[in-house]
file run01.txt (compact mmCIF, C-alpha atoms)
# COMPACT_ATOMS: atom_id res chain seq x y z
CA VAL A 1 41.57 97.52 103.43
CA GLN A 2 44.80 96.61 105.14
CA GLN A 3 45.84 93.76 107.38
CA VAL A 4 48.67 93.32 109.81
CA THR A 5 50.10 90.36 111.71
CA ILE A 6 50.76 90.75 115.42
CA GLN A 7 52.03 88.37 118.08
CA VAL A 8 50.15 87.49 121.27
CA SER A 9 51.56 85.52 124.17
CA ASP A 10 50.53 84.01 127.49
CA ALA A 11 52.90 84.45 130.43
CA LEU A 12 51.72 81.29 132.22
CA SER A 13 52.09 78.86 129.35
CA GLY A 14 54.84 80.73 127.52
CA ASP A 15 52.99 80.18 124.25
CA GLN A 16 53.31 82.76 121.46
CA GLU A 17 50.99 82.85 118.47
CA ASN A 18 50.63 85.10 115.42
CA VAL A 19 47.26 86.74 114.82
CA THR A 20 46.21 88.49 111.63
CA LEU A 21 44.24 91.71 112.17
CA VAL A 22 42.08 92.93 109.30
CA GLU A 23 41.00 96.53 108.93
CA SER A 24 37.25 96.94 109.42
CA GLY A 25 36.93 99.13 106.32
CA PRO A 26 38.93 101.39 103.96
CA ASP A 27 41.08 103.77 106.00
CA THR A 28 39.15 103.23 109.24
CA GLY A 29 42.30 102.50 111.19
CA VAL A 30 40.35 99.88 113.17
CA PHE A 31 41.70 96.37 113.00
CA VAL A 32 40.00 93.25 114.34
CA GLY A 33 41.12 89.66 114.80
CA ALA A 34 40.61 86.51 116.86
CA ILE A 35 42.42 83.41 118.04
CA ALA A 36 41.10 80.16 119.47
CA LEU A 37 41.89 78.87 122.94
CA SER A 38 43.56 75.61 123.86
CA SER A 39 43.60 74.53 127.50
CA VAL A 40 46.67 72.37 126.90
CA LEU A 41 49.40 74.39 128.63
CA GLY A 42 52.15 72.43 126.96
CA GLY A 43 51.86 72.48 123.21
CA THR A 44 53.29 73.59 119.90
CA GLN A 45 53.86 77.26 119.19
CA ASP A 46 52.50 78.74 115.95
CA ASP A 47 49.66 76.20 115.81
CA ASP A 48 46.94 78.92 115.85
CA PHE A 49 45.79 77.96 119.36
CA LEU A 50 46.90 80.13 122.29
CA LYS A 51 47.42 78.09 125.46
CA THR A 52 45.59 80.10 128.11
CA ALA A 53 42.43 80.21 130.20
CA THR A 54 38.93 80.44 128.75
CA GLY A 55 37.53 83.96 128.47
CA ASN A 56 40.84 85.83 128.55
CA GLN A 57 41.04 88.96 126.42
CA VAL A 58 44.01 90.57 124.73
CA ALA A 59 44.01 94.32 123.99
CA VAL A 60 46.12 95.12 120.91
CA SER A 61 47.20 98.64 119.92
CA TYR A 62 48.42 99.32 116.38
CA MET A 63 49.56 102.58 114.79
CA ASP A 64 48.28 102.95 111.24
CA PRO A 65 50.73 105.18 109.35
CA ASP A 66 48.38 105.50 106.37
CA PHE A 67 45.53 106.99 108.37
CA ALA A 68 46.11 110.72 108.94
CA PRO A 69 46.63 111.79 111.54
CA ASP A 70 48.32 108.66 112.85
CA THR A 71 45.77 106.95 115.03
CA CYS A 72 46.20 104.25 117.65
CA ALA A 73 43.51 101.71 116.79
CA LYS A 74 42.76 99.30 119.61
CA SER A 75 41.45 95.81 118.91
CA ILE A 76 40.11 93.52 121.62
CA ILE A 77 40.73 89.84 120.91
CA THR A 78 38.51 87.52 122.91
CA LEU A 79 39.99 84.08 123.33
CA ALA A 80 37.14 81.73 122.54
CA PRO A 81 37.19 78.13 123.75
CA GLY A 82 37.77 75.63 120.96
CA ALA A 83 35.28 72.90 120.10
CA ALA A 84 35.62 69.21 120.87
CA ASP A 85 33.98 66.73 118.49
CA LEU A 86 33.63 63.65 120.70
CA GLN A 87 32.91 60.45 118.78
CA VAL A 88 31.53 57.59 120.90
CA THR A 89 31.38 53.93 119.83
CA GLN A 90 30.36 50.78 121.68
CA SER A 91 30.68 47.06 120.88
CA VAL A 92 30.21 43.70 122.61
CA ASN A 93 32.21 40.52 122.00
CA ASP A 94 29.11 38.27 121.80
CA SER A 95 25.69 39.53 120.69
CA THR A 96 23.92 36.18 121.34
CA PRO A 97 25.21 34.97 124.71
CA ASP A 98 23.73 32.38 127.02
CA GLN A 99 22.22 33.24 130.37
CA GLY A 100 25.02 33.35 132.96
CA GLN A 101 27.73 33.82 130.32
CA SER A 102 30.55 36.35 130.71
CA ILE A 103 30.80 39.04 128.02
CA VAL A 104 32.99 42.10 127.38
CA TYR A 105 31.77 45.55 126.33
CA THR A 106 34.25 47.93 124.65
CA VAL A 107 33.55 51.66 124.72
CA LYS A 108 35.67 54.16 122.78
CA VAL A 109 35.61 57.96 122.74
CA LYS A 110 37.78 59.97 120.35
CA ASN A 111 38.32 63.72 120.23
CA ASN A 112 38.04 64.78 116.58
CA GLY A 113 37.72 68.47 117.49
CA SER A 114 40.05 71.45 117.53
CA ALA A 115 40.51 71.71 121.30
CA GLN A 116 41.31 69.40 124.17
CA ALA A 117 38.20 68.12 125.95
CA THR A 118 38.17 68.83 129.68
CA SER A 119 35.96 67.61 132.55
CA LEU A 120 34.78 64.84 130.21
CA VAL A 121 32.34 62.34 131.71
CA ILE A 122 30.91 59.32 129.86
CA SER A 123 27.85 57.44 131.13
CA ASP A 124 27.37 53.71 130.54
CA ALA A 125 25.06 52.32 133.21
CA ALA A 126 24.43 48.57 133.18
CA PRO A 127 21.01 47.81 131.65
CA ALA A 128 18.56 45.33 133.17
CA GLY A 129 19.80 41.81 132.46
CA ILE A 130 23.51 42.77 132.64
CA ALA A 131 25.70 42.81 135.76
CA TYR A 132 29.01 44.67 135.52
CA ILE A 133 31.94 42.91 137.20
CA VAL A 134 34.90 45.20 136.56
CA GLY A 135 35.97 47.98 134.17
CA SER A 136 39.36 49.16 132.93
CA ALA A 137 40.07 52.48 131.14
CA THR A 138 43.07 53.92 129.30
CA TYR A 139 42.05 57.42 130.49
CA GLY A 140 40.44 58.27 133.82
CA ASP A 141 38.50 55.98 136.14
CA PHE A 142 35.32 53.90 135.74
CA ASP A 143 32.78 53.25 138.52
CA TYR A 144 30.98 50.08 137.48
CA ASP A 145 28.34 50.52 140.22
CA THR A 146 27.07 53.76 138.66
CA GLY A 147 28.37 53.28 135.11
CA THR A 148 30.21 56.63 135.27
CA TRP A 149 33.48 56.97 133.38
CA MET A 150 35.41 60.03 134.58
CA VAL A 151 37.67 60.57 131.57
CA GLY A 152 38.83 64.07 132.56
CA GLN A 153 41.07 65.54 129.85
CA LEU A 154 41.17 64.12 126.31
CA PRO A 155 43.64 65.77 123.89
CA VAL A 156 42.86 66.41 120.23
CA GLY A 157 43.15 63.26 118.09
CA VAL A 158 43.35 60.91 121.08
CA GLU A 159 41.04 57.92 121.61
CA ALA A 160 40.23 56.66 125.12
CA ILE A 161 39.11 53.04 125.56
CA LEU A 162 37.01 51.44 128.30
CA THR A 163 36.53 47.67 128.61
CA ILE A 164 33.81 46.29 130.88
CA ASP A 165 33.62 42.65 131.99
CA ALA A 166 30.01 41.70 132.63
CA GLU A 167 27.69 38.75 133.26
CA VAL A 168 24.42 38.09 131.43
CA THR A 169 21.66 37.80 134.03
CA GLY A 170 18.70 38.29 131.69
CA GLU A 171 16.28 35.50 130.87
CA SER A 172 16.51 33.41 127.74
CA GLY A 173 15.16 35.27 124.72
CA ALA A 174 15.56 38.70 126.32
CA SER A 175 16.67 41.65 124.17
CA ILE A 176 19.13 43.85 126.07
CA VAL A 177 20.18 47.32 124.87
CA ASN A 178 23.26 49.00 126.37
CA THR A 179 23.76 52.73 125.68
CA THR A 180 26.83 54.93 126.15
CA PHE A 181 26.71 58.73 125.91
CA VAL A 182 28.65 61.90 126.72
CA GLN A 183 27.29 63.09 130.06
CA ALA A 184 29.38 66.23 130.61
CA LYS A 185 32.22 68.30 129.14
CA ASP A 186 33.45 71.90 129.17
CA GLN A 187 33.58 72.49 125.42
CA SER A 188 30.88 72.80 122.78
CA ASP A 189 30.54 69.88 120.37
CA THR A 190 30.53 70.52 116.63
CA VAL A 191 28.98 67.11 115.83
CA PRO A 192 26.54 66.21 118.66
CA GLY A 193 25.06 63.37 116.61
CA ASN A 194 27.97 61.04 117.42
CA ASP A 195 27.97 61.64 121.19
CA ALA A 196 26.14 58.36 121.91
CA ALA A 197 26.21 54.73 120.83
CA SER A 198 24.46 51.49 121.76
CA THR A 199 24.56 47.74 121.21
CA THR A 200 21.81 45.14 121.35
CA LEU A 201 22.21 41.51 122.38
CA ILE A 202 19.72 38.63 122.47
CA VAL A 203 20.03 36.04 125.25
CA ASN A 204 19.94 32.59 123.68
CA PRO A 205 16.66 30.77 124.32
CA ALA A 206 16.74 27.13 125.44
CA ASP A 207 15.26 24.50 123.05
CA LEU A 208 13.88 21.82 125.42
CA GLN A 209 12.80 18.54 123.82
CA LEU A 210 10.50 16.33 125.95
CA THR A 211 9.79 12.63 125.21
CA GLN A 212 7.92 9.91 127.10
CA SER A 213 7.79 6.13 126.71
CA VAL A 214 6.37 3.08 128.51
CA ASN A 215 7.95 -0.37 128.71
CA ILE A 216 4.69 -2.25 128.05
CA ASN A 217 2.15 -0.88 125.61
CA ALA A 218 -0.58 -3.43 126.35
CA PRO A 219 -0.21 -4.51 130.00
CA ASP A 220 -2.54 -6.88 131.87
CA GLU A 221 -4.69 -5.66 134.70
CA GLY A 222 -2.55 -5.40 137.83
CA GLN A 223 0.68 -5.56 135.90
CA VAL A 224 3.46 -3.09 136.82
CA VAL A 225 4.61 -0.80 134.02
CA ARG A 226 7.41 1.72 133.85
CA TYR A 227 7.16 5.18 132.28
CA THR A 228 10.32 6.94 131.15
CA VAL A 229 10.41 10.69 130.66
CA ASN A 230 13.37 12.35 128.91
CA VAL A 231 14.13 16.04 128.61
CA LYS A 232 16.91 17.27 126.33
CA ASN A 233 18.33 20.76 125.85
CA ASN A 234 19.03 21.21 122.13
CA GLY A 235 20.40 24.70 122.73
CA PRO A 236 21.65 26.89 121.47
call {"tool": "encode", "arguments": {"input": "run01.txt", "output": "structure tokens"}}
result
Amino acid sequence: VQQVTIQVSDALSGDQENVTLVESGPDTGVFVGAIALSSVLGGTQDDDFLKTATGNQVAVSYMDPDFAPDTCAKSIITLAPGAADLQVTQSVNDSTPDQGQSIVYTVKVKNNGSAQATSLVISDAAPAGIAYIVGSATYGDFDYDTGTWMVGQLPVGVEAILTIDAEVTGESGASIVNTTFVQAKDQSDTVPGNDAASTTLIVNPADLQLTQSVNINAPDEGQVVRYTVNVKNNGP
């Protein structure tokens, strides 16, 4: 079984990559091979990812001198889209806030895969008891009314960060869960188990202490007395 290295290129991106073709069997003269796709048009040559469009095919002809008579063996290389392993995390700066307090959520998504993620959309709608005020992202745009983060493209190895300023509107003692997840993307995901994350916060309950006293414990009939009622908030 023989193998041969050929070079494929894409006219649009100008990328050139080497592909190893392996003979399908002893003296068959049929060689097969494959190369992964990267949608990043500007990139490094000889990185084993051809910068081109998804679904393109390359027809390769190779003359095998050891297969008599000399035969032109054609191999079709289908450019498969690479995979994007999107890792999502979420945190909050205070997990036990007071009602009416301002808090900050931080959402991160990192591409640990082998291909750039495209058309990436992250969903993080405000749960009941939380009112979003404003959001700021290092990649794309965030609509705090819908909780939709339009990331767009996310290159391999890059982490995008979203910070959301919010107000706690839930009642004291309420447990509030906020969940972030990958809503849409073009690529397959090799590790779907890390596509979502959530945080839980507990709104601080109020500890109200009530006391009552009277200025005269044993008054005479017709005597005026004064009651005093005190209420104290011991927190937290």
call {"tool": "residues_around", "arguments": {"input": "run01.txt", "residues": "Gly129 of chain A", "least_positions_apart": "2", "cutoff": "12 Å", "atoms": "only C-alpha atoms", "output": "JSON, numbers by chain"}}
result
{"A": [97, 98, 99, 100, 101, 125, 126, 127, 131, 132, 166, 167, 168, 169, 170, 171, 172, 173, 174, 175, 176, 177, 178, 200, 201, 202, 203]}
call {"tool": "closest_residue", "arguments": {"input": "run01.txt", "among": "A:Gly113, A:Glu221, A:Asp165, A:Thr106", "to": "Gly135 of chain A", "atoms": "all atoms listed in the file"}}
result
A:Asp165
call {"tool": "residues_near_point", "arguments": {"input": "run01.txt", "point": "(45.9, 65.8, 116.5)", "cutoff": "10 Å", "atoms": "only C-alpha atoms", "output": "ChimeraX atom specification"}}
result
/A:111-116,155-158
call {"tool": "write_last_selection", "arguments": {"input": "run01.txt", "atoms": "C-alpha atoms", "output": "compact mmCIF listing (two decimals), in the frame of the given file"}}
result
# COMPACT_ATOMS: atom_id res chain seq x y z
CA ASN A 111 38.32 63.72 120.23
CA ASN A 112 38.04 64.78 116.58
CA GLY A 113 37.72 68.47 117.49
CA SER A 114 40.05 71.45 117.53
CA ALA A 115 40.51 71.71 121.30
CA GLN A 116 41.31 69.40 124.17
CA PRO A 155 43.64 65.77 123.89
CA VAL A 156 42.86 66.41 120.23
CA GLY A 157 43.15 63.26 118.09
CA VAL A 158 43.35 60.91 121.08
call {"tool": "closest_residue", "arguments": {"input": "run01.txt", "among": "A:Gln87, A:Asn215, A:Ser136, A:Thr96", "to": "Thr190 of chain A", "atoms": "all atoms listed in the file"}}
result
A:Gln87
call {"tool": "residues_around", "arguments": {"input": "run01.txt", "residues": "Ala137 of chain A", "least_positions_apart": "6", "cutoff": "8 Å", "atoms": "only C-alpha atoms", "output": "PyMOL selection string"}}
result
chain A and resi 160-163
call {"tool": "atom_distance", "arguments": {"input": "run01.txt", "atom1": "atom CA of Lys232 of chain A", "atom2": "atom CA of Gln209 of chain A"}}
result
5.0 Å
call {"tool": "closest_residue", "arguments": {"input": "run01.txt", "among": "A:Pro26, A:Gly193, A:Gly14, A:Gly152", "to": "Leu50 of chain A", "atoms": "only C-alpha atoms"}}
result
A:Gly14
call {"tool": "atom_distance", "arguments": {"input": "run01.txt", "atom1": "atom CA of Gly147 of chain A", "atom2": "atom CA of Pro192 of chain A"}}
result
21.0 Å
call {"tool": "residues_near_point", "arguments": {"input": "run01.txt", "point": "(35.3, 65.9, 125.1)", "cutoff": "10 Å", "atoms": "all atoms listed in the file", "output": "tab-separated table (two decimals) with C-alpha atoms, keeping the file's coordinate frame"}}
result
chain	number	residue	atom	x	y	z
A	83	ALA	CA	35.28	72.90	120.10
A	84	ALA	CA	35.62	69.21	120.87
A	85	ASP	CA	33.98	66.73	118.49
A	86	LEU	CA	33.63	63.65	120.70
A	87	GLN	CA	32.91	60.45	118.78
A	109	VAL	CA	35.61	57.96	122.74
A	110	LYS	CA	37.78	59.97	120.35
A	111	ASN	CA	38.32	63.72	120.23
A	112	ASN	CA	38.04	64.78	116.58
A	113	GLY	CA	37.72	68.47	117.49
A	115	ALA	CA	40.51	71.71	121.30
A	116	GLN	CA	41.31	69.40	124.17
A	117	ALA	CA	38.20	68.12	125.95
A	118	THR	CA	38.17	68.83	129.68
A	119	SER	CA	35.96	67.61	132.55
A	120	LEU	CA	34.78	64.84	130.21
A	121	VAL	CA	32.34	62.34	131.71
A	122	ILE	CA	30.91	59.32	129.86
A	151	VAL	CA	37.67	60.57	131.57
A	152	GLY	CA	38.83	64.07	132.56
A	153	GLN	CA	41.07	65.54	129.85
A	154	LEU	CA	41.17	64.12	126.31
A	155	PRO	CA	43.64	65.77	123.89
A	156	VAL	CA	42.86	66.41	120.23
A	182	VAL	CA	28.65	61.90	126.72
A	183	GLN	CA	27.29	63.09	130.06
A	184	ALA	CA	29.38	66.23	130.61
A	185	LYS	CA	32.22	68.30	129.14
A	186	ASP	CA	33.45	71.90	129.17
A	187	GLN	CA	33.58	72.49	125.42
A	188	SER	CA	30.88	72.80	122.78
A	189	ASP	CA	30.54	69.88	120.37
A	195	ASP	CA	27.97	61.64	121.19
